[in-house]
>>> print(open('coords_18.csv').read())   # CSV, C-alpha atoms
chain,number,residue,atom,x,y,z
A,1,MET,CA,0.0,0.0,0.0
A,2,ALA,CA,2.9,2.3,0.6
A,3,ARG,CA,3.7,2.4,-3.1
A,4,TRP,CA,0.4,4.0,-4.1
A,5,PRO,CA,1.3,7.5,-2.8
A,6,LEU,CA,4.6,7.3,-4.7
A,7,ALA,CA,2.8,6.3,-7.9
A,8,SER,CA,0.3,9.1,-7.3
A,9,ARG,CA,3.2,11.6,-6.9
A,10,MET,CA,4.8,10.3,-10.1
A,11,GLY,CA,1.5,10.6,-12.0
A,12,LYS,CA,1.3,14.2,-10.9
A,13,GLY,CA,4.8,14.8,-12.1
A,14,ILE,CA,4.1,13.3,-15.5
A,15,GLN,CA,1.0,15.4,-16.2
A,16,PRO,CA,2.7,18.8,-16.3
A,17,ALA,CA,5.4,17.3,-18.6
A,18,ALA,CA,2.7,16.0,-20.9
A,19,ARG,CA,0.9,19.3,-20.9
A,20,LYS,CA,4.1,21.1,-21.7
A,21,LEU,CA,4.8,18.7,-24.6
A,22,ALA,CA,1.2,19.3,-25.9
A,23,ALA,CA,1.7,23.1,-25.6
A,24,ASP,CA,5.0,23.0,-27.4
A,25,TYR,CA,3.4,20.9,-30.2
A,26,SER,CA,0.5,23.2,-30.6
A,27,ARG,CA,2.8,26.2,-30.6
A,28,SER,CA,5.0,24.6,-33.3
A,29,THR,CA,2.0,23.7,-35.4
A,30,ARG,CA,0.6,27.2,-35.2
A,31,ARG,CA,4.0,28.6,-36.3
A,32,LYS,CA,4.0,26.3,-39.3
A,33,TRP,CA,0.5,27.4,-40.3
A,34,LEU,CA,1.6,31.0,-40.0
A,35,VAL,CA,4.5,30.1,-42.4
A,36,LEU,CA,2.0,28.8,-44.9
A,37,LEU,CA,-0.2,31.9,-44.5
A,38,ALA,CA,2.8,34.1,-45.1
A,39,LEU,CA,3.8,32.2,-48.2
A,40,ALA,CA,0.3,32.4,-49.6
A,41,LEU,CA,0.3,36.2,-49.0
A,42,ALA,CA,3.7,36.4,-50.6
A,43,MET,CA,2.5,34.5,-53.6
A,44,LEU,CA,-0.5,36.9,-54.0
A,45,GLY,CA,1.8,39.9,-53.6
A,46,SER,CA,4.2,38.5,-56.1
A,47,ALA,CA,1.4,37.9,-58.6
A,48,LEU,CA,0.1,41.4,-58.3
A,49,ALA,CA,3.6,42.8,-58.6
A,50,SER,CA,4.1,40.7,-61.8
A,51,LEU,CA,0.9,42.3,-63.2
A,52,ALA,CA,2.1,45.8,-62.3
A,53,VAL,CA,5.5,45.8,-63.9
A,54,GLY,CA,6.3,46.0,-67.6
A,55,SER,CA,7.5,48.2,-70.4
A,56,SER,CA,4.1,49.6,-71.4
A,57,GLY,CA,4.0,52.2,-68.7
A,58,LEU,CA,0.7,51.1,-67.0
A,59,SER,CA,0.2,52.5,-63.5
A,60,VAL,CA,-0.9,50.3,-60.6
A,61,ALA,CA,-4.3,52.0,-60.7
A,62,GLU,CA,-4.7,51.3,-64.4
A,63,MET,CA,-3.6,47.7,-63.9
A,64,LEU,CA,-6.1,47.2,-61.0
A,65,ALA,CA,-8.9,48.8,-63.0
A,66,ALA,CA,-8.2,46.6,-66.0
A,67,LEU,CA,-8.1,43.5,-63.7
A,68,VAL,CA,-11.6,44.1,-62.5
A,69,GLY,CA,-12.9,45.0,-66.0
A,70,ARG,CA,-13.1,48.8,-65.7
A,71,GLY,CA,-9.9,49.7,-67.6
A,72,GLY,CA,-9.3,51.0,-71.1
A,73,ARG,CA,-9.1,48.7,-74.1
A,74,GLN,CA,-5.3,48.9,-74.3
A,75,ALA,CA,-4.8,48.3,-70.6
A,76,SER,CA,-7.3,45.4,-70.6
A,77,LEU,CA,-5.5,43.8,-73.5
A,78,ILE,CA,-2.1,44.1,-71.9
A,79,VAL,CA,-3.3,42.8,-68.5
A,80,TRP,CA,-5.5,40.0,-69.6
A,81,ASN,CA,-3.7,38.8,-72.7
A,82,VAL,CA,-0.1,39.3,-71.7
A,83,ARG,CA,0.6,39.9,-68.0
A,84,LEU,CA,-2.1,37.7,-66.4
A,85,PRO,CA,-1.2,34.5,-68.4
A,86,ARG,CA,2.4,35.1,-67.6
A,87,ALA,CA,1.8,35.5,-63.9
A,88,ALA,CA,-0.5,32.4,-63.9
A,89,ALA,CA,2.2,30.4,-65.8
A,90,GLY,CA,4.8,31.5,-63.2
A,91,ALA,CA,2.6,30.4,-60.3
A,92,ALA,CA,1.6,27.1,-61.8
A,93,VAL,CA,5.0,26.1,-63.2
A,94,GLY,CA,6.9,27.2,-60.0
A,95,ALA,CA,4.5,25.3,-57.8
A,96,ALA,CA,4.8,22.2,-60.0
A,97,LEU,CA,8.6,22.2,-60.1
A,98,ALA,CA,9.0,22.9,-56.4
A,99,MET,CA,6.4,20.3,-55.3
A,100,GLY,CA,8.0,17.7,-57.5
A,101,GLY,CA,11.5,18.5,-56.1
A,102,CYS,CA,10.2,18.2,-52.6
A,103,VAL,CA,8.7,14.8,-53.0
A,104,MET,CA,11.8,13.6,-55.1
A,105,GLN,CA,14.0,14.6,-52.2
A,106,SER,CA,11.9,12.6,-49.8
A,107,VAL,CA,11.5,9.3,-51.7
A,108,LEU,CA,15.1,9.3,-53.0
A,109,ARG,CA,16.6,10.4,-49.6
A,110,ASN,CA,18.7,12.8,-51.5
A,111,PRO,CA,18.7,16.6,-50.8
A,112,LEU,CA,20.0,17.3,-54.4
A,113,ALA,CA,17.1,15.5,-56.2
A,114,SER,CA,15.0,17.6,-58.6
A,115,ALA,CA,13.8,17.5,-62.2
A,116,SER,CA,16.9,19.2,-63.4
A,117,THR,CA,19.4,17.0,-61.5
A,118,LEU,CA,17.7,13.7,-62.4
A,119,GLY,CA,17.6,14.3,-66.1
A,120,VAL,CA,13.9,15.2,-66.7
A,121,THR,CA,14.8,18.6,-67.9
A,122,GLN,CA,17.6,17.3,-70.1
A,123,GLY,CA,15.2,14.8,-71.6
A,124,ALA,CA,12.7,17.5,-72.4
A,125,SER,CA,15.5,19.6,-74.0
A,126,PHE,CA,16.4,16.7,-76.2
A,127,GLY,CA,12.8,16.2,-77.3
A,128,ALA,CA,12.4,19.8,-78.2
A,129,ALA,CA,15.7,19.9,-80.1
A,130,ALA,CA,14.7,16.7,-82.1
A,131,ALA,CA,11.3,18.3,-83.0
A,132,ILE,CA,13.0,21.6,-84.2
A,133,VAL,CA,15.7,19.9,-86.3
A,134,TRP,CA,14.3,16.5,-87.4
A,135,LEU,CA,10.5,16.9,-87.4
A,136,GLY,CA,10.3,20.2,-89.2
A,137,ALA,CA,9.0,22.3,-86.3
A,138,GLY,CA,11.8,24.8,-86.9
A,139,ILE,CA,11.8,26.3,-90.4
A,140,GLN,CA,14.6,28.5,-91.7
A,141,VAL,CA,13.4,31.9,-93.1
A,142,SER,CA,15.5,33.8,-95.6
A,143,GLY,CA,15.5,37.4,-96.5
A,144,ALA,CA,15.5,40.5,-94.3
A,145,ALA,CA,14.0,38.5,-91.4
A,146,ALA,CA,16.5,35.6,-91.7
A,147,GLY,CA,16.4,33.1,-88.9
A,148,VAL,CA,14.5,30.1,-87.7
A,149,THR,CA,10.8,30.2,-86.9
A,150,ILE,CA,9.2,27.6,-84.8
A,151,THR,CA,6.2,26.8,-87.0
A,152,ASN,CA,4.7,24.1,-84.9
A,153,PRO,CA,5.1,24.9,-81.2
A,154,ALA,CA,2.6,22.2,-80.3
A,155,LEU,CA,4.9,19.5,-81.8
A,156,VAL,CA,7.9,21.0,-79.8
A,157,THR,CA,5.8,20.8,-76.6
A,158,ILE,CA,4.7,17.2,-77.2
A,159,CYS,CA,8.2,16.1,-78.0
A,160,ALA,CA,9.6,17.9,-75.0
A,161,PHE,CA,7.0,16.2,-72.8
A,162,VAL,CA,7.8,12.8,-74.3
A,163,GLY,CA,11.5,13.4,-73.8
A,164,GLY,CA,11.0,14.2,-70.1
A,165,ALA,CA,8.7,11.3,-69.5
A,166,ALA,CA,11.1,8.9,-71.3
A,167,THR,CA,13.8,9.9,-68.9
A,168,THR,CA,11.7,8.8,-66.0
A,169,LEU,CA,10.7,5.5,-67.7
A,170,VAL,CA,14.4,4.7,-68.3
A,171,ILE,CA,15.3,5.6,-64.7
A,172,LEU,CA,12.4,3.4,-63.3
A,173,GLY,CA,13.3,0.6,-65.7
A,174,LEU,CA,17.0,0.6,-64.6
A,175,ALA,CA,15.8,0.7,-61.0
A,176,ARG,CA,13.6,-2.3,-61.5
A,177,LEU,CA,16.5,-4.3,-62.8
A,178,ARG,CA,18.6,-3.6,-59.7
A,179,GLY,CA,15.8,-3.1,-57.2
A,180,VAL,CA,13.9,0.1,-56.4
A,181,THR,CA,16.3,1.8,-54.1
A,182,PRO,CA,16.9,5.6,-53.8
A,183,SER,CA,20.7,5.2,-54.6
A,184,VAL,CA,20.0,3.2,-57.8
A,185,MET,CA,17.5,5.9,-59.0
A,186,VAL,CA,19.9,8.8,-58.3
A,187,LEU,CA,22.7,7.0,-60.2
A,188,ALA,CA,20.4,6.1,-63.1
A,189,GLY,CA,19.2,9.7,-63.2
A,190,THR,CA,22.8,11.0,-63.4
A,191,ALA,CA,23.6,8.6,-66.2
A,192,VAL,CA,20.5,9.4,-68.2
A,193,SER,CA,21.0,13.1,-67.7
A,194,ALA,CA,24.5,12.8,-69.2
A,195,LEU,CA,23.1,10.7,-72.1
A,196,PHE,CA,20.4,13.2,-73.1
A,197,THR,CA,22.8,16.2,-72.7
A,198,GLY,CA,25.3,14.5,-75.0
A,199,ALA,CA,22.6,13.7,-77.5
A,200,THR,CA,21.3,17.3,-77.6
A,201,THR,CA,24.9,18.5,-78.1
A,202,LEU,CA,25.3,16.2,-81.1
A,203,ILE,CA,22.1,17.5,-82.6
A,204,GLN,CA,23.4,21.0,-82.3
A,205,TYR,CA,26.8,20.0,-83.7
A,206,PHE,CA,25.3,18.9,-87.0
A,207,CYS,CA,23.1,22.0,-87.3
A,208,ASP,CA,23.9,25.5,-88.7
A,209,ASP,CA,24.3,28.5,-86.4
A,210,VAL,CA,20.8,29.7,-86.8
A,211,MET,CA,19.2,26.4,-85.9
A,212,VAL,CA,21.5,26.1,-82.9
A,213,ALA,CA,20.4,29.5,-81.7
A,214,THR,CA,16.8,28.5,-81.9
A,215,ILE,CA,17.4,25.4,-79.8
A,216,VAL,CA,19.4,27.4,-77.3
A,217,TYR,CA,16.6,30.0,-77.1
A,218,TRP,CA,14.1,27.3,-76.3
A,219,THR,CA,16.2,26.0,-73.5
A,220,PHE,CA,16.5,29.5,-71.9
A,221,GLY,CA,12.9,29.2,-70.7
A,222,SER,CA,10.1,31.7,-71.1
A,223,LEU,CA,6.8,32.2,-69.2
A,224,GLY,CA,5.4,34.0,-72.2
A,225,ARG,CA,5.0,30.8,-74.3
A,226,ALA,CA,2.2,29.2,-72.3
A,227,GLY,CA,-1.4,30.0,-73.1
A,228,TRP,CA,-4.4,29.4,-70.9
A,229,GLY,CA,-4.9,25.9,-72.1
A,230,GLU,CA,-1.3,24.9,-71.3
A,231,ILE,CA,-1.5,26.7,-67.9
A,232,GLY,CA,-4.8,24.9,-67.1
A,233,LEU,CA,-3.2,21.5,-67.9
A,234,VAL,CA,-0.2,22.2,-65.7
A,235,ALA,CA,-2.5,23.4,-62.9
A,236,LEU,CA,-4.7,20.3,-63.3
A,237,LEU,CA,-1.8,17.8,-63.3
A,238,SER,CA,-0.3,19.7,-60.3
A,239,ALA,CA,-3.6,19.5,-58.4
A,240,LEU,CA,-3.9,15.8,-58.9
A,241,ALA,CA,-0.3,15.2,-58.0
A,242,PHE,CA,-0.7,17.4,-54.9
A,243,LEU,CA,-3.8,15.4,-53.8
A,244,PHE,CA,-1.8,12.1,-54.0
A,245,PHE,CA,1.2,13.6,-52.2
A,246,PHE,CA,-0.9,15.1,-49.4
A,247,ILE,CA,-2.8,11.9,-48.9
A,248,ASN,CA,0.6,10.2,-48.4
A,249,ARG,CA,2.0,13.0,-46.2
A,250,TRP,CA,2.4,10.7,-43.2
A,251,ASN,CA,4.1,8.0,-45.3
A,252,TYR,CA,6.7,10.6,-46.4
A,253,ASN,CA,7.1,11.5,-42.7
A,254,ALA,CA,7.7,7.8,-42.0
A,255,LEU,CA,10.3,7.7,-44.8
A,256,GLU,CA,12.4,10.3,-42.9
A,257,GLY,CA,13.3,7.5,-40.4
A,258,GLY,CA,14.5,5.2,-43.2
A,259,MET,CA,13.0,2.6,-45.5
A,260,ARG,CA,13.0,-0.1,-42.9
A,261,THR,CA,11.3,2.1,-40.3
A,262,ALA,CA,8.7,3.0,-42.9
A,263,GLN,CA,8.1,-0.6,-43.8
A,264,SER,CA,7.8,-1.5,-40.1
A,265,LEU,CA,5.0,1.1,-39.9
A,266,GLY,CA,3.1,-0.5,-42.7
A,267,VAL,CA,4.2,1.8,-45.6
A,268,ALA,CA,4.4,0.1,-49.0
A,269,VAL,CA,7.7,1.7,-49.7
A,270,LYS,CA,8.4,0.4,-53.2
A,271,ARG,CA,5.0,1.3,-54.4
A,272,LEU,CA,5.1,4.7,-52.9
A,273,ILE,CA,8.5,5.5,-54.5
A,274,LEU,CA,7.4,4.3,-57.9
A,275,LEU,CA,4.1,6.3,-57.9
A,276,SER,CA,5.7,9.4,-56.4
A,277,MET,CA,8.5,9.4,-59.0
A,278,VAL,CA,6.0,8.9,-61.9
A,279,LEU,CA,3.8,11.8,-60.7
A,280,CYS,CA,6.8,14.1,-60.1
A,281,ALA,CA,8.2,13.4,-63.5
A,282,LEU,CA,4.7,14.0,-65.1
A,283,VAL,CA,4.2,17.4,-63.6
A,284,SER,CA,7.9,18.4,-64.1
A,285,SER,CA,7.8,17.3,-67.8
A,286,ALA,CA,4.6,19.1,-68.5
A,287,ALA,CA,5.9,22.3,-66.9
A,288,THR,CA,9.2,22.1,-68.8
A,289,ALA,CA,7.5,21.3,-72.1
A,290,PHE,CA,5.4,24.4,-72.0
A,291,VAL,CA,7.9,27.0,-70.7
A,292,GLY,CA,11.3,25.5,-71.4
A,293,CYS,CA,14.1,24.7,-69.0
A,294,ILE,CA,13.9,26.4,-65.6
A,295,SER,CA,16.5,25.2,-63.1
A,296,PHE,CA,16.9,25.4,-59.4
A,297,ILE,CA,13.3,26.1,-58.5
A,298,GLY,CA,12.6,22.5,-57.7
A,299,LEU,CA,15.9,22.2,-55.9
A,300,ILE,CA,16.0,25.3,-53.7
A,301,ALA,CA,12.4,25.9,-52.8
A,302,PRO,CA,11.9,22.8,-50.5
A,303,HIS,CA,15.1,23.6,-48.7
A,304,MET,CA,14.0,27.2,-48.0
A,305,VAL,CA,10.7,26.0,-46.6
A,306,ARG,CA,12.3,23.2,-44.6
A,307,ARG,CA,14.2,25.8,-42.5
A,308,PHE,CA,10.8,27.0,-41.2
A,309,THR,CA,8.7,23.9,-41.1
A,310,GLY,CA,11.2,21.1,-40.7
A,311,SER,CA,10.7,17.8,-42.4
A,312,ASP,CA,6.9,17.6,-41.6
A,313,TYR,CA,5.4,16.9,-45.0
A,314,ARG,CA,2.0,18.1,-43.9
A,315,PHE,CA,3.4,21.6,-44.2
A,316,LEU,CA,6.5,21.0,-46.4
A,317,ILE,CA,4.6,19.9,-49.5
A,318,PRO,CA,2.1,22.9,-49.7
A,319,GLY,CA,4.8,25.2,-48.5
A,320,SER,CA,7.2,24.1,-51.2
A,321,ALA,CA,4.6,24.7,-53.9
A,322,LEU,CA,3.9,28.2,-52.6
A,323,MET,CA,7.6,29.0,-52.3
A,324,GLY,CA,8.2,27.7,-55.8
A,325,ALA,CA,5.5,30.0,-57.2
A,326,VAL,CA,6.9,33.0,-55.3
A,327,LEU,CA,10.5,32.4,-56.5
A,328,LEU,CA,9.5,32.0,-60.1
A,329,LEU,CA,7.2,35.0,-60.1
A,330,LEU,CA,10.0,37.2,-58.5
A,331,SER,CA,12.5,35.8,-61.0
A,332,ASP,CA,10.2,36.8,-63.8
A,333,ILE,CA,9.8,40.3,-62.4
A,334,VAL,CA,13.6,40.7,-62.3
A,335,SER,CA,14.0,39.3,-65.8
A,336,ARG,CA,11.5,41.9,-67.2
A,337,THR,CA,12.8,44.9,-65.3
A,338,MET,CA,16.5,44.5,-65.1
A,339,LEU,CA,17.2,45.6,-68.7
A,340,MET,CA,13.7,46.9,-69.7
A,341,PRO,CA,12.3,46.7,-72.3
A,342,ALA,CA,14.5,43.6,-73.0
A,343,VAL,CA,13.4,40.4,-71.3
A,344,LEU,CA,16.2,38.3,-69.9
A,345,PRO,CA,15.9,34.5,-70.2
A,346,ILE,CA,14.3,33.3,-67.0
A,347,GLY,CA,16.0,29.9,-67.0
A,348,ALA,CA,19.4,31.5,-66.9
A,349,LEU,CA,18.3,33.9,-64.3
A,350,THR,CA,17.0,31.3,-61.9
A,351,SER,CA,20.3,29.4,-62.2
A,352,PHE,CA,22.3,32.5,-61.7
A,353,LEU,CA,20.3,33.5,-58.6
A,354,GLY,CA,19.7,29.9,-57.3
A,355,ALA,CA,23.2,28.6,-57.3
A,356,PRO,CA,24.6,31.3,-54.8
A,357,LEU,CA,21.5,30.9,-52.6
A,358,PHE,CA,22.0,27.1,-52.5
A,359,LEU,CA,25.7,27.5,-51.6
A,360,TRP,CA,24.7,29.9,-48.9
A,361,LEU,CA,22.3,27.3,-47.4
A,362,ILE,CA,25.1,24.7,-47.4
A,363,VAL,CA,27.5,27.1,-45.7
A,364,ARG,CA,24.8,28.1,-43.1
A,365,ARG,CA,24.3,24.4,-42.4
A,366,GLY,CA,28.0,23.9,-41.7
A,367,GLY,CA,28.6,21.2,-44.2
A,368,GLY,CA,26.0,18.8,-42.8
A,369,THR,CA,23.1,17.4,-44.6
A,370,LEU,CA,20.5,19.9,-45.8
>>> encode(input="coords_18.csv", output="structure tokens")
Amino acid sequence: MARWPLASRMGKGIQPAARKLAADYSRSTRRKWLVLLALALAMLGSALASLAVGSSGLSVAEMLAALVGRGGRQASLIVWNVRLPRAAAGAAVGAALAMGGCVMQSVLRNPLASASTLGVTQGASFGAAAAIVWLGAGIQVSGAAAGVTITNPALVTICAFVGGAATTLVILGLARLRGVTPSVMVLAGTAVSALFTGATTLIQYFCDDVMVATIVYWTFGSLGRAGWGEIGLVALLSALAFLFFFINRWNYNALEGGMRTAQSLGVAVKRLILLSMVLCALVSSAATAFVGCISFIGLIAPHMVRRFTGSDYRFLIPGSALMGAVLLLLSDIVSRTMLMPAVLPIGALTSFLGAPLFLWLIVRRGGGTL
């Protein structure tokens, strides 16, 4: 009987500790929700800023009036036909690339995984180059306007998508031969990336200077290429992929403890890796096919969000999508305003801005894992 008072005192000591843990968890969860809210507001602000800047000289008041249907004819044409599709493309493509990079980094257990580092972007570039050179999508024009005109952009888009998807199929096929493990997929992606890069280089080697310039221009990336149909398709694919990713958010959290830990918790690891990679490649290939090669968004956005939310995929997946949209919209603003009225290639700009930022994150981490 003497042990019951001791047990009672121990129970009283445990209760405050449990309440403290519950309070810390609630405080941490609220902070992560605030991060998502801040990112959503940042994306909205970036989209409005993208609508407000340009070489036409529209004021913010004129832009807002045109946006609600009360502006002049010229202002309405500029906002609705030029700037709004561009902003929507930036948000959709940025979200797709960043979300795909976030999930790739989870299932492959590699902080450097993204569409550009696993060869999806390189496969899309090869597909576009093949369409321009071999399938007649790029026709040389002589005379005063000498150059190469892409006469069939739909064919270029389809071939780019097929090239990006083919990269994923090759990676998954090689992984199936050796077993679906993250290390095998990363190595296969590196090899396939080098293969498609070499193939694209060979295509350019046997072309004339004008045709090479056209291929290179496509690879620069541009948000102005996508129309409402293409934007809607990327948004739809991204929404479906996001639904699958968010349903499996706890499975991705379990993978953080390792494949064996996840399997012991009932996660079908191989199936999850395969389906996740297919969906990541699908949305990344579609985004690349419509706007060209845009690097570092899918790589850097998840790491930036992870510093505020940790590796909790309940918040990391939507946060990465929002951060990707913000980064691409801001990059597009810089590309249009730095040397106005000229528009800098956004793919080159994201690489130029993303690489130093990524190195800074590595330095801040002190050489450990990201």
>>> atom_distance(input="coords_18.csv", atom1="CA of Phe220 (chain A)", atom2="CA of Val291 (chain A)")
9.0 Å
>>> closest_residue(input="coords_18.csv", among="A:Val162, A:Leu34, A:Met99, A:Leu344", to="Met323 (chain A)", atoms="all atoms listed in the file")
A:Met99
>>> closest_residue(input="coords_18.csv", among="A:Ala241, A:Leu84, A:Leu327, A:Ala129", to="Gly163 (chain A)", atoms="all atoms listed in the file")
A:Ala129
>>> closest_residue(input="coords_18.csv", among="A:Leu265, A:Ala137, A:Leu240, A:Ala40", to="Ala154 (chain A)", atoms="all atoms listed in the file")
A:Ala137
>>> closest_residue(input="coords_18.csv", among="A:Phe352, A:Phe245, A:Trp250, A:Tyr217", to="Ser331 (chain A)", atoms="all atoms listed in the file")
A:Phe352
